[in-house]
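Have a look at the structure below before the remarks.
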2 protein chains.
Amino acid sequence: MKKLINSPESVVSDALAGMQALHPELLRVVRVDADNQIIVRADAPVRGKVGLISGGGSGHEPMHGGFVGYGMLDAACPGAVFTSPVPDQMLAATKAVDGGAGVLHIVKNYTGDVLNFEMAAELAEAEGIQVASIVTNDDVAVQDSLYTAGRRGVGVTVLLEKIVGGLAEGGASLAHVADLARKVNDHGRSMGMALTSCTVPAAGKPTFELPDDEMEIGIGIHGEPGRRRVKLAHASEVTEMLATPIIEDLGLKAGERVLAFVNGMGGTPLIELYVVASELAKILKSRDVTIARSLVGSYITSLEMAGCSITLLRLDDELTRYWDAPVHTPALRWGM
Amino acid sequence: MKKLINSPESVVSDALAGMQALHPELLRVVRVDADNQIIVRADAPVRGKVGLISGGGSGHEPMHGGFVGYGMLDAACPGAVFTSPVPDQMLAATKAVDGGAGVLHIVKNYTGDVLNFEMAAELAEAEGIQVASIVTNDDVAVQDSLYTAGRRGVGVTVLLEKIVGGLAEGGASLAHVADLARKVNDHGRSMGMALTSCTVPAAGKPTFELPDDEMEIGIGIHGEPGRRRVKLAHASEVTEMLATPIIEDLGLKAGERVLAFVNGMGGTPLIELYVVASELAKILKSRDVTIARSLVGSYITSLEMAGCSITLLRLDDELTRYWDAPVHTPALRWGM
């Protein structure tokens with residue numbers, strides 16, 4: 001196992017210490033108990049603003065801690081690598097960001113995350129904090145999977161955190177913020193693929209084996225199986241395998257506008273993501289769908305896995321406006 | 001060779017097509033001849049502004065094409081993978097961005113790049129365009145190397161393009177812009193390491209072999225050998241091996257402020273870069289050096305190589321002001 005870490009046991013806390021040390025103007029890392037920490041926006045709680053929190057296993061960086069800051073998340077709860085955070089983290093985050101207007105829990109659809117966020121929401125409500133939840137489920141690859149009842153929540157989560165963060169910054173109500181979150185989830189679909197496995201530090205060996213001449217189409221972000229294994233293919237074919245199910249499930253029609261998000265799984269260099277982006281642009285152009293906004297890079301990852309995912313988000317004026325709104329986090333920043 | 005490409009021959013042009021398709025508001029890709037293209041800022045030439053161009057082999061993305069846009073580069077010249085661009089590209093870029101105030105060539109110290117940029121500068125001057133050049137040479141790992149007489153130019157190039165871009169945007173003269181470029185180069189030092197090799201698509205096999213229990217300290221961005229091969233070590237030790245030569249060469253003293261740039265080589269996930277960032281912050285704190293600005297991510301890469309580099313830039317008010325100035329490129333954006 002070749003990794004830039006000190007030990008499998010300390011990798012999450014060491015990375016959090018790095019975030020604290022390099023981004024003190026944006027966030028603070030707060031200890032919840034002996035085993036767990038959370039990442040909280042430096043100026044939280046913001047009075048009168050709906051607090052946005054998310055969380056999930058570590059190993060998907062920059063998601064979610066890299067999205068804490070102005071115009072996006074108020075807090076993130078990092079679990080151990082590929083392991084749900086615990087309700088105590090979510091409760092602590094909820095309390096840390098409640099500015100009196102309630103808190104939205106943004107939850108990717110994985111069974112552990114969903115159950116733990118539900119418990120945290122109950123505990124927070126018992127303490128008098130209003131909580132709403134959105135469960136993202138944008139992955140068209142599978143209906144149920146190893147860790148999920150129903151579709152998995154993946155790339156749309158990144159876009160949702162940005163767009164809903166833009167609305168929340170302006171002082172919208174919890175009901176309004178939750179409505180927009182549901183709309184973003186409804187408007188987006190994703191699918192991913194892997195060229196290689198990844199190695200969870202504590203396991204010390206690859207999560208799965210993938211022969212040198214094969215790739216996994218429809219992979220989940222923890223290396224869970226996808227739709228099928230196929231022989232290596234050209235980027236044009238890979239992009240077609242990912243984009244077509246997304247476009248069809250979303251029912252994209254000629255004349256529509258999308259945000260195109262080409263995401264790297266952690267070990268794939270940017271030059272390859274732009275090759276995929278080029279193929280995706282051709283496919284969308286052939287269907288008369290316009291790429292009105294784009295995001296290319298590694299934003300929701302699976303450690304050092306090589307591969308990519310595509311997310312398409314149907315845009316309208318409202319979603320475009322909040323996507324364009326100012327943001328200042330470690331991983332996404334513009335307008336300020 | 002597991003890569004998201006269509007063919008080794010088309011990888012650069014396919015990736016450029018992706019950049020054009022996804023960032024039409026920022027840049028345009030312009031064909032120079034049958035084999036070569038350049039990336040030009042969408043609104044170039046900007047009248048009265050010094051034009052900034054850079055270039056080098058492809059495979060280091062986002063450098064340099066990802067830095068084309070407001071507040072940074074006016075054009076980038078991408079060569080074949082790990083191969084210098086040709087003088088015709090540099091000449092075409094120089095002519096495309098000349099707004100009447102002259103053009104600065106930002107050149108990383110690799111023999112091929114240096115010679116080709118020198119020839120392009122002569123050709124441009126023969127056509128009446130004023131050209132100045134800065135050759136970056138910030139890599140403390142080696143004095144001469146496989147492709148270089150003198151130190152290699154690496155991470156400082158990214159910081160220089162941003163800082164000098166900030167000054168040029170305000171309408172400074174070519175002499176002033178070139179002076180600041182020299183200052184940035186003088187104020188910065190870098191060193192890198194690799195856990196794995198990378199595979200140039202046209203070669204189809206790893207550039208070098210690195211045993212499972214070894215790493216290369218002081219590696220170049222084309223996989224050229226560094227200072228030494230050592231056994232795998234903790235991130236704390238790796239960071240010390242990189243940071244100490246940088247700090248000593250730069251002569252950093254207690255009370256000084258730096259920009260800390262922790263860079264991934266292309267195949268290293270962000271969680272590992274933050275572990276390195278944490279160790280770097282400890283080392284700098286122990287020397288009473290303040291991290292006043294930071295950049296963490298994969299900005300100057302070697303295809304899918306796993307590894308990292310550290311760059312430290314001694315900050316003063318002038319460098320900090322232009323680092324903070326607005327920028328809008330595919331890979332770096334803030335303030336707008």
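Residue names in the structure tokens use chain letters A, B, ... in the order shown, residue numbers from 1 in each chain, and ligand numbers from 1 in the order shown.
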
Exercise for review: Quick one: everything within 9 Å of stretch 17-29 of chain A, counting only C-alpha atoms, minus sequence neighbours fewer than 4 positions away in the same chain. Send it as a ChimeraX atom specification.
Suggested key: /A:12-13,37-44,65-66,68-70,74-75,328-330 /B:260,273-282,291-296

Specify as a PDB file with N, CA, C and O atoms, in the first residue's frame all residues of chain B found within 7 Å of chain A, counting only C-alpha atoms.
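Dumped to part-v6.pdb:
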```
ATOM      1  N   LYS B   2      -4.121   1.573 -18.573  1.00  0.00           N
ATOM      2  CA  LYS B   2      -5.538   1.878 -18.337  1.00  0.00           C
ATOM      3  C   LYS B   2      -5.726   3.387 -18.286  1.00  0.00           C
ATOM      4  O   LYS B   2      -5.407   4.024 -17.272  1.00  0.00           O
ATOM      5  N   LEU B   4      -8.374   6.801 -19.720  1.00  0.00           N
ATOM      6  CA  LEU B   4      -9.585   7.277 -20.386  1.00  0.00           C
ATOM      7  C   LEU B   4      -9.176   8.124 -21.588  1.00  0.00           C
ATOM      8  O   LEU B   4      -9.203   9.356 -21.533  1.00  0.00           O
ATOM      9  N   ILE B   5      -8.785   7.451 -22.663  1.00  0.00           N
ATOM     10  CA  ILE B   5      -8.381   8.146 -23.884  1.00  0.00           C
ATOM     11  C   ILE B   5      -8.954   7.409 -25.085  1.00  0.00           C
ATOM     12  O   ILE B   5      -9.438   6.279 -24.951  1.00  0.00           O
ATOM     13  N   ASN B   6      -8.913   8.056 -26.224  1.00  0.00           N
ATOM     14  CA  ASN B   6      -9.323   7.377 -27.457  1.00  0.00           C
ATOM     15  C   ASN B   6      -8.134   6.716 -28.145  1.00  0.00           C
ATOM     16  O   ASN B   6      -8.256   5.612 -28.665  1.00  0.00           O
ATOM     17  N   VAL B  11      -4.717  12.096 -27.703  1.00  0.00           N
ATOM     18  CA  VAL B  11      -5.066  12.481 -26.336  1.00  0.00           C
ATOM     19  C   VAL B  11      -4.960  13.992 -26.122  1.00  0.00           C
ATOM     20  O   VAL B  11      -5.832  14.606 -25.488  1.00  0.00           O
ATOM     21  N   ASP B  14      -7.775  15.770 -28.175  1.00  0.00           N
ATOM     22  CA  ASP B  14      -9.078  15.483 -27.568  1.00  0.00           C
ATOM     23  C   ASP B  14      -9.285  16.293 -26.285  1.00  0.00           C
ATOM     24  O   ASP B  14     -10.368  16.841 -26.050  1.00  0.00           O
ATOM     25  N   ALA B  15      -8.245  16.348 -25.459  1.00  0.00           N
ATOM     26  CA  ALA B  15      -8.372  17.119 -24.219  1.00  0.00           C
ATOM     27  C   ALA B  15      -8.560  18.606 -24.522  1.00  0.00           C
ATOM     28  O   ALA B  15      -9.352  19.295 -23.857  1.00  0.00           O
ATOM     29  N   ALA B  17     -10.005  19.820 -27.144  1.00  0.00           N
ATOM     30  CA  ALA B  17     -11.398  19.967 -27.593  1.00  0.00           C
ATOM     31  C   ALA B  17     -12.341  20.020 -26.398  1.00  0.00           C
ATOM     32  O   ALA B  17     -13.335  20.760 -26.398  1.00  0.00           O
ATOM     33  N   GLY B  18     -12.026  19.251 -25.371  1.00  0.00           N
ATOM     34  CA  GLY B  18     -12.842  19.294 -24.154  1.00  0.00           C
ATOM     35  C   GLY B  18     -12.761  20.640 -23.462  1.00  0.00           C
ATOM     36  O   GLY B  18     -13.758  21.177 -22.975  1.00  0.00           O
ATOM     37  N   MET B  19     -11.566  21.215 -23.428  1.00  0.00           N
ATOM     38  CA  MET B  19     -11.422  22.538 -22.808  1.00  0.00           C
ATOM     39  C   MET B  19     -12.220  23.583 -23.585  1.00  0.00           C
ATOM     40  O   MET B  19     -12.910  24.427 -23.002  1.00  0.00           O
ATOM     41  N   ALA B  21     -14.818  23.063 -25.459  1.00  0.00           N
ATOM     42  CA  ALA B  21     -16.261  22.817 -25.339  1.00  0.00           C
ATOM     43  C   ALA B  21     -16.802  23.243 -23.981  1.00  0.00           C
ATOM     44  O   ALA B  21     -17.934  23.715 -23.883  1.00  0.00           O
ATOM     45  N   LEU B  22     -16.002  23.080 -22.930  1.00  0.00           N
ATOM     46  CA  LEU B  22     -16.529  23.352 -21.594  1.00  0.00           C
ATOM     47  C   LEU B  22     -16.221  24.750 -21.077  1.00  0.00           C
ATOM     48  O   LEU B  22     -16.844  25.199 -20.124  1.00  0.00           O
ATOM     49  N   GLY B  59       0.435  16.770 -20.249  1.00  0.00           N
ATOM     50  CA  GLY B  59       0.574  15.769 -19.202  1.00  0.00           C
ATOM     51  C   GLY B  59       0.764  16.368 -17.822  1.00  0.00           C
ATOM     52  O   GLY B  59       0.852  15.644 -16.834  1.00  0.00           O
ATOM     53  N   GLU B  61      -1.418  18.847 -16.684  1.00  0.00           N
ATOM     54  CA  GLU B  61      -2.643  19.613 -16.509  1.00  0.00           C
ATOM     55  C   GLU B  61      -3.035  19.725 -15.022  1.00  0.00           C
ATOM     56  O   GLU B  61      -2.849  18.770 -14.297  1.00  0.00           O
ATOM     57  N   PRO B  62      -3.608  20.865 -14.638  1.00  0.00           N
ATOM     58  CA  PRO B  62      -4.099  21.968 -15.450  1.00  0.00           C
ATOM     59  C   PRO B  62      -3.019  22.879 -16.029  1.00  0.00           C
ATOM     60  O   PRO B  62      -3.326  23.682 -16.885  1.00  0.00           O
ATOM     61  N   LEU B 195       5.526   8.211  -5.460  1.00  0.00           N
ATOM     62  CA  LEU B 195       5.278   6.851  -4.956  1.00  0.00           C
ATOM     63  C   LEU B 195       5.208   5.856  -6.108  1.00  0.00           C
ATOM     64  O   LEU B 195       5.481   4.676  -5.938  1.00  0.00           O
ATOM     65  N   HIS B 234       6.728   7.352   6.618  1.00  0.00           N
ATOM     66  CA  HIS B 234       5.524   8.077   7.034  1.00  0.00           C
ATOM     67  C   HIS B 234       5.464   9.441   6.339  1.00  0.00           C
ATOM     68  O   HIS B 234       6.505  10.019   5.994  1.00  0.00           O
ATOM     69  N   ALA B 235       4.245   9.943   6.217  1.00  0.00           N
ATOM     70  CA  ALA B 235       4.060  11.262   5.615  1.00  0.00           C
ATOM     71  C   ALA B 235       4.872  12.318   6.354  1.00  0.00           C
ATOM     72  O   ALA B 235       5.391  13.260   5.739  1.00  0.00           O
ATOM     73  N   SER B 236       4.996  12.177   7.650  1.00  0.00           N
ATOM     74  CA  SER B 236       5.761  13.160   8.429  1.00  0.00           C
ATOM     75  C   SER B 236       7.221  13.175   7.966  1.00  0.00           C
ATOM     76  O   SER B 236       7.820  14.249   7.810  1.00  0.00           O
ATOM     77  N   GLY B 266      -0.984  14.009  -9.675  1.00  0.00           N
ATOM     78  CA  GLY B 266      -1.988  13.587 -10.650  1.00  0.00           C
ATOM     79  C   GLY B 266      -2.775  12.373 -10.191  1.00  0.00           C
ATOM     80  O   GLY B 266      -3.971  12.273 -10.436  1.00  0.00           O
ATOM     81  N   GLY B 267      -2.107  11.445  -9.495  1.00  0.00           N
ATOM     82  CA  GLY B 267      -2.773  10.231  -9.045  1.00  0.00           C
ATOM     83  C   GLY B 267      -2.945  10.159  -7.540  1.00  0.00           C
ATOM     84  O   GLY B 267      -3.357   9.129  -7.015  1.00  0.00           O
ATOM     85  N   THR B 268      -2.622  11.236  -6.864  1.00  0.00           N
ATOM     86  CA  THR B 268      -2.708  11.241  -5.398  1.00  0.00           C
ATOM     87  C   THR B 268      -3.975  11.943  -4.940  1.00  0.00           C
ATOM     88  O   THR B 268      -4.233  13.071  -5.341  1.00  0.00           O
ATOM     89  N   PRO B 269      -4.773  11.272  -4.116  1.00  0.00           N
ATOM     90  CA  PRO B 269      -6.026  11.898  -3.684  1.00  0.00           C
ATOM     91  C   PRO B 269      -5.799  13.022  -2.671  1.00  0.00           C
ATOM     92  O   PRO B 269      -4.773  13.076  -1.988  1.00  0.00           O
ATOM     93  N   LEU B 270      -6.784  13.881  -2.603  1.00  0.00           N
ATOM     94  CA  LEU B 270      -6.699  15.086  -1.782  1.00  0.00           C
ATOM     95  C   LEU B 270      -6.497  14.762  -0.305  1.00  0.00           C
ATOM     96  O   LEU B 270      -5.814  15.508   0.405  1.00  0.00           O
ATOM     97  N   ILE B 271      -7.082  13.652   0.176  1.00  0.00           N
ATOM     98  CA  ILE B 271      -6.939  13.339   1.614  1.00  0.00           C
ATOM     99  C   ILE B 271      -5.457  13.198   1.972  1.00  0.00           C
ATOM    100  O   ILE B 271      -5.027  13.632   3.039  1.00  0.00           O
ATOM    101  N   GLU B 272      -4.657  12.638   1.053  1.00  0.00           N
ATOM    102  CA  GLU B 272      -3.224  12.484   1.328  1.00  0.00           C
ATOM    103  C   GLU B 272      -2.500  13.832   1.277  1.00  0.00           C
ATOM    104  O   GLU B 272      -1.579  14.083   2.051  1.00  0.00           O
ATOM    105  N   TYR B 274      -3.721  16.633   2.182  1.00  0.00           N
ATOM    106  CA  TYR B 274      -3.976  17.336   3.443  1.00  0.00           C
ATOM    107  C   TYR B 274      -3.187  16.736   4.601  1.00  0.00           C
ATOM    108  O   TYR B 274      -2.854  17.442   5.559  1.00  0.00           O
ATOM    109  N   VAL B 275      -2.878  15.436   4.533  1.00  0.00           N
ATOM    110  CA  VAL B 275      -1.981  14.854   5.543  1.00  0.00           C
ATOM    111  C   VAL B 275      -0.603  15.507   5.430  1.00  0.00           C
ATOM    112  O   VAL B 275      -0.003  15.914   6.441  1.00  0.00           O
ATOM    113  N   ALA B 277      -0.026  18.428   4.145  1.00  0.00           N
ATOM    114  CA  ALA B 277      -0.206  19.831   4.546  1.00  0.00           C
ATOM    115  C   ALA B 277      -0.125  19.975   6.060  1.00  0.00           C
ATOM    116  O   ALA B 277       0.465  20.942   6.582  1.00  0.00           O
ATOM    117  N   SER B 278      -0.697  19.020   6.759  1.00  0.00           N
ATOM    118  CA  SER B 278      -0.662  19.070   8.226  1.00  0.00           C
ATOM    119  C   SER B 278       0.777  18.977   8.732  1.00  0.00           C
ATOM    120  O   SER B 278       1.189  19.722   9.641  1.00  0.00           O
ATOM    121  N   ALA B 281       2.622  22.187   7.986  1.00  0.00           N
ATOM    122  CA  ALA B 281       2.238  23.259   8.919  1.00  0.00           C
ATOM    123  C   ALA B 281       2.973  23.111  10.245  1.00  0.00           C
ATOM    124  O   ALA B 281       3.411  24.105  10.840  1.00  0.00           O
ATOM    125  N   SER B 294      -2.387  29.699   1.067  1.00  0.00           N
ATOM    126  CA  SER B 294      -2.122  28.295   0.750  1.00  0.00           C
ATOM    127  C   SER B 294      -2.835  27.887  -0.521  1.00  0.00           C
ATOM    128  O   SER B 294      -3.808  28.512  -0.954  1.00  0.00           O
ATOM    129  N   LEU B 303       0.917  13.301 -15.369  1.00  0.00           N
ATOM    130  CA  LEU B 303      -0.090  12.304 -15.715  1.00  0.00           C
ATOM    131  C   LEU B 303      -0.674  11.705 -14.434  1.00  0.00           C
ATOM    132  O   LEU B 303      -1.121  12.454 -13.578  1.00  0.00           O
ATOM    133  N   GLU B 304      -0.675  10.353 -14.319  1.00  0.00           N
ATOM    134  CA  GLU B 304      -1.310   9.722 -13.166  1.00  0.00           C
ATOM    135  C   GLU B 304      -0.308   9.360 -12.069  1.00  0.00           C
ATOM    136  O   GLU B 304      -0.620   8.556 -11.176  1.00  0.00           O
ATOM    137  N   ARG B 333      -9.816  30.242  -9.692  1.00  0.00           N
ATOM    138  CA  ARG B 333     -10.797  31.311  -9.826  1.00  0.00           C
ATOM    139  C   ARG B 333     -11.130  31.872  -8.459  1.00  0.00           C
ATOM    140  O   ARG B 333     -11.391  31.116  -7.535  1.00  0.00           O
ATOM    141  N   TRP B 334     -11.061  33.167  -8.340  1.00  0.00           N
ATOM    142  CA  TRP B 334     -11.622  33.847  -7.181  1.00  0.00           C
ATOM    143  C   TRP B 334     -11.800  35.321  -7.481  1.00  0.00           C
ATOM    144  O   TRP B 334     -11.262  35.843  -8.456  1.00  0.00           O
ATOM    145  N   GLY B 335     -12.587  35.957  -6.658  1.00  0.00           N
ATOM    146  CA  GLY B 335     -12.779  37.400  -6.796  1.00  0.00           C
ATOM    147  C   GLY B 335     -13.676  37.784  -7.953  1.00  0.00           C
ATOM    148  O   GLY B 335     -13.954  38.963  -8.171  1.00  0.00           O
ATOM    149  N   MET B 336     -14.120  36.831  -8.722  1.00  0.00           N
ATOM    150  CA  MET B 336     -15.006  37.092  -9.851  1.00  0.00           C
ATOM    151  C   MET B 336     -15.669  35.789 -10.276  1.00  0.00           C
ATOM    152  O   MET B 336     -15.349  34.730  -9.773  1.00  0.00           O
TER     153      MET B 336
END
```

Practice item. Identify, with DSSP run on backbone atoms, the residues in stretch 80-233 of chain A assigned to alpha helix (DSSP H), and express the list as an MDAnalysis selection string. Key: chainID A and resid 87:97 111:126 156:169 174:187

For the residues selected in the previous step, produce a file with C-alpha atoms as a tab-separated table (two decimals), in the first residue's frame.
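This is the output file selection_34.tsv:
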```tsv
chain	number	residue	atom	x	y	z
A	87	PRO	CA	-25.22	10.55	15.07
A	88	ASP	CA	-23.24	12.40	17.75
A	89	GLN	CA	-21.24	14.15	15.02
A	90	MET	CA	-24.39	15.09	13.13
A	91	LEU	CA	-26.04	16.34	16.31
A	92	ALA	CA	-22.99	18.39	17.25
A	93	ALA	CA	-22.84	19.85	13.74
A	94	THR	CA	-26.55	20.66	13.81
A	95	LYS	CA	-26.18	22.51	17.10
A	96	ALA	CA	-23.02	24.30	15.96
A	97	VAL	CA	-24.66	25.77	12.86
A	111	THR	CA	-28.21	3.03	4.49
A	112	GLY	CA	-25.82	3.89	7.32
A	113	ASP	CA	-25.80	7.60	6.55
A	114	VAL	CA	-29.58	7.73	6.25
A	115	LEU	CA	-30.21	5.94	9.57
A	116	ASN	CA	-27.64	8.00	11.46
A	117	PHE	CA	-28.87	11.32	10.08
A	118	GLU	CA	-32.45	10.30	10.99
A	119	MET	CA	-31.38	9.63	14.56
A	120	ALA	CA	-29.48	12.91	14.74
A	121	ALA	CA	-32.48	14.80	13.39
A	122	GLU	CA	-34.68	13.31	16.13
A	123	LEU	CA	-32.15	14.22	18.81
A	124	ALA	CA	-31.81	17.77	17.47
A	125	GLU	CA	-35.57	18.25	17.29
A	126	ALA	CA	-35.81	17.05	20.89
A	156	VAL	CA	-25.58	15.62	-7.60
A	157	THR	CA	-24.78	16.04	-3.91
A	158	VAL	CA	-21.88	18.37	-4.80
A	159	LEU	CA	-24.04	20.50	-7.08
A	160	LEU	CA	-26.88	20.54	-4.56
A	161	GLU	CA	-24.64	21.74	-1.75
A	162	LYS	CA	-23.51	24.66	-3.92
A	163	ILE	CA	-26.91	25.63	-5.30
A	164	VAL	CA	-28.84	25.30	-2.04
A	165	GLY	CA	-25.98	27.06	-0.27
A	166	GLY	CA	-26.48	30.00	-2.59
A	167	LEU	CA	-30.15	30.25	-1.66
A	168	ALA	CA	-29.55	29.78	2.07
A	169	GLU	CA	-26.96	32.56	2.14
A	174	LEU	CA	-35.95	26.17	5.87
A	175	ALA	CA	-39.00	25.10	3.85
A	176	HIS	CA	-37.79	27.07	0.83
A	177	VAL	CA	-34.25	25.70	1.13
A	178	ALA	CA	-35.54	22.12	1.44
A	179	ASP	CA	-37.79	22.61	-1.60
A	180	LEU	CA	-34.87	23.77	-3.70
A	181	ALA	CA	-32.79	20.82	-2.49
A	182	ARG	CA	-35.49	18.40	-3.67
A	183	LYS	CA	-35.65	20.20	-7.00
A	184	VAL	CA	-31.89	19.90	-7.55
A	185	ASN	CA	-31.98	16.20	-6.73
A	186	ASP	CA	-34.91	15.71	-9.13
A	187	HIS	CA	-33.09	17.58	-11.90
```

For the structure I just gave you, how does DSSP split stretch 263-309 of chain A - specifically, which residues are strand (DSSP E)? Reply as a CSV table (one decimal) with C-alpha atoms, in the first residue's frame.
```csv
chain,number,residue,atom,x,y,z
A,263,ASN,CA,-15.7,14.1,-12.1
A,264,GLY,CA,-12.5,12.3,-11.4
A,290,THR,CA,-26.5,23.0,-24.5
A,291,ILE,CA,-23.8,22.9,-21.8
A,292,ALA,CA,-24.6,26.1,-20.1
A,293,ARG,CA,-22.3,25.5,-17.0
A,294,SER,CA,-19.6,23.0,-16.3
A,295,LEU,CA,-17.4,21.6,-13.6
A,296,VAL,CA,-14.4,19.4,-14.4
A,297,GLY,CA,-12.2,18.0,-11.7
A,307,GLY,CA,-12.1,6.4,-13.2
A,308,CYS,CA,-14.7,9.1,-13.6
A,309,SER,CA,-18.3,9.9,-13.2
```

Check your understanding: Which residue gives the smallest distance to B:Pro45 among B:Gly102, B:Gly155, B:Gly150, B:Gly220, with only C-alpha atoms counted?
Key ->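 The answer is B:Gly102, which sits nearest to B:Pro45.
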
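Atom CA of B:Arg152 to atom CA of B:Val140 spans 8.1 Å [interatomic distance, one decimal].
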
Check your understanding: Leaving out A:Thr244 and any residue of its chain fewer than 3 positions from it, which residues lie within 12 Å of it when counting only C-alpha atoms, given as a PyMOL selection string?
Key -> chain A and resi 140-141+189-191+236-241+247-252+279-280+283-284+286-287+310-312

The selected residues should be written to file as a JSON list (two decimals), in the first residue's frame (atoms: C-alpha atoms).
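Output file result-v7.json is given in full below:
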```json
[["chain", "number", "residue", "atom", "x", "y", "z"],
["A", 140, "VAL", "CA", -28.78, 5.73, -12.44],
["A", 141, "ALA", "CA", -26.43, 2.73, -12.47],
["A", 189, "ARG", "CA", -28.56, 12.14, -12.62],
["A", 190, "SER", "CA", -25.11, 10.53, -12.46],
["A", 191, "MET", "CA", -23.18, 7.42, -13.40],
["A", 236, "SER", "CA", -15.80, 7.86, -26.60],
["A", 237, "GLU", "CA", -17.43, 4.51, -25.82],
["A", 238, "VAL", "CA", -17.03, 4.88, -22.07],
["A", 239, "THR", "CA", -18.62, 8.31, -22.18],
["A", 240, "GLU", "CA", -21.50, 6.95, -24.23],
["A", 241, "MET", "CA", -22.05, 4.15, -21.67],
["A", 247, "ILE", "CA", -29.83, 11.46, -20.57],
["A", 248, "GLU", "CA", -32.61, 8.91, -20.97],
["A", 249, "ASP", "CA", -33.45, 8.72, -17.28],
["A", 250, "LEU", "CA", -33.51, 12.48, -17.06],
["A", 251, "GLY", "CA", -35.62, 12.70, -20.22],
["A", 252, "LEU", "CA", -33.42, 15.48, -21.62],
["A", 279, "GLU", "CA", -16.88, 13.23, -25.85],
["A", 280, "LEU", "CA", -19.71, 14.31, -23.58],
["A", 283, "ILE", "CA", -23.05, 13.57, -27.38],
["A", 284, "LEU", "CA", -24.99, 16.50, -25.96],
["A", 286, "SER", "CA", -25.88, 15.70, -31.22],
["A", 287, "ARG", "CA", -29.04, 15.86, -29.09],
["A", 310, "ILE", "CA", -20.62, 12.12, -15.20],
["A", 311, "THR", "CA", -23.43, 14.15, -13.67],
["A", 312, "LEU", "CA", -25.91, 16.14, -15.71]]
```

Practice item. May I ask which of the residues A:Val142, A:Ser197, A:Ala202, A:Ala254 is the closest one to A:Gly226, counting only C-alpha atoms? Key: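 Checking each candidate against A:Gly226, we get A:Val142 as the closest.
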
Exercise for review: Find the residues near A:Val107: any atom within 9 Å, counting only C-alpha atoms, skip ones fewer than 3 places away on the same chain, and give them as a PyMOL selection string.
Suggested key: chain A and resi 53-56+110+113-114+117+133-136+153+157

Revision key, fill the gap. Between A:Asp139, A:Ala76, A:Ile300, A:Cys198, smallest distance to A:Ile246 by only C-alpha atoms belongs to A:Asp139

Exercise for review: Just the residues within 6 Å of B:Leu104, please, counting only C-alpha atoms, with nothing from its chain fewer than 2 positions along; format it as number ranges by chain.
Suggested key: B: 52, 131-133

Study note, to complete from the structure: atom CA of A:Gly218 sits from atom CA of A:Pro206 at a separation of 18.2 Å

Point to revise | Nearest-residue call for B:Asp317, choices B:His64, B:Val258, B:Val289, B:Ile217, using only C-alpha atoms | key: B:Val258
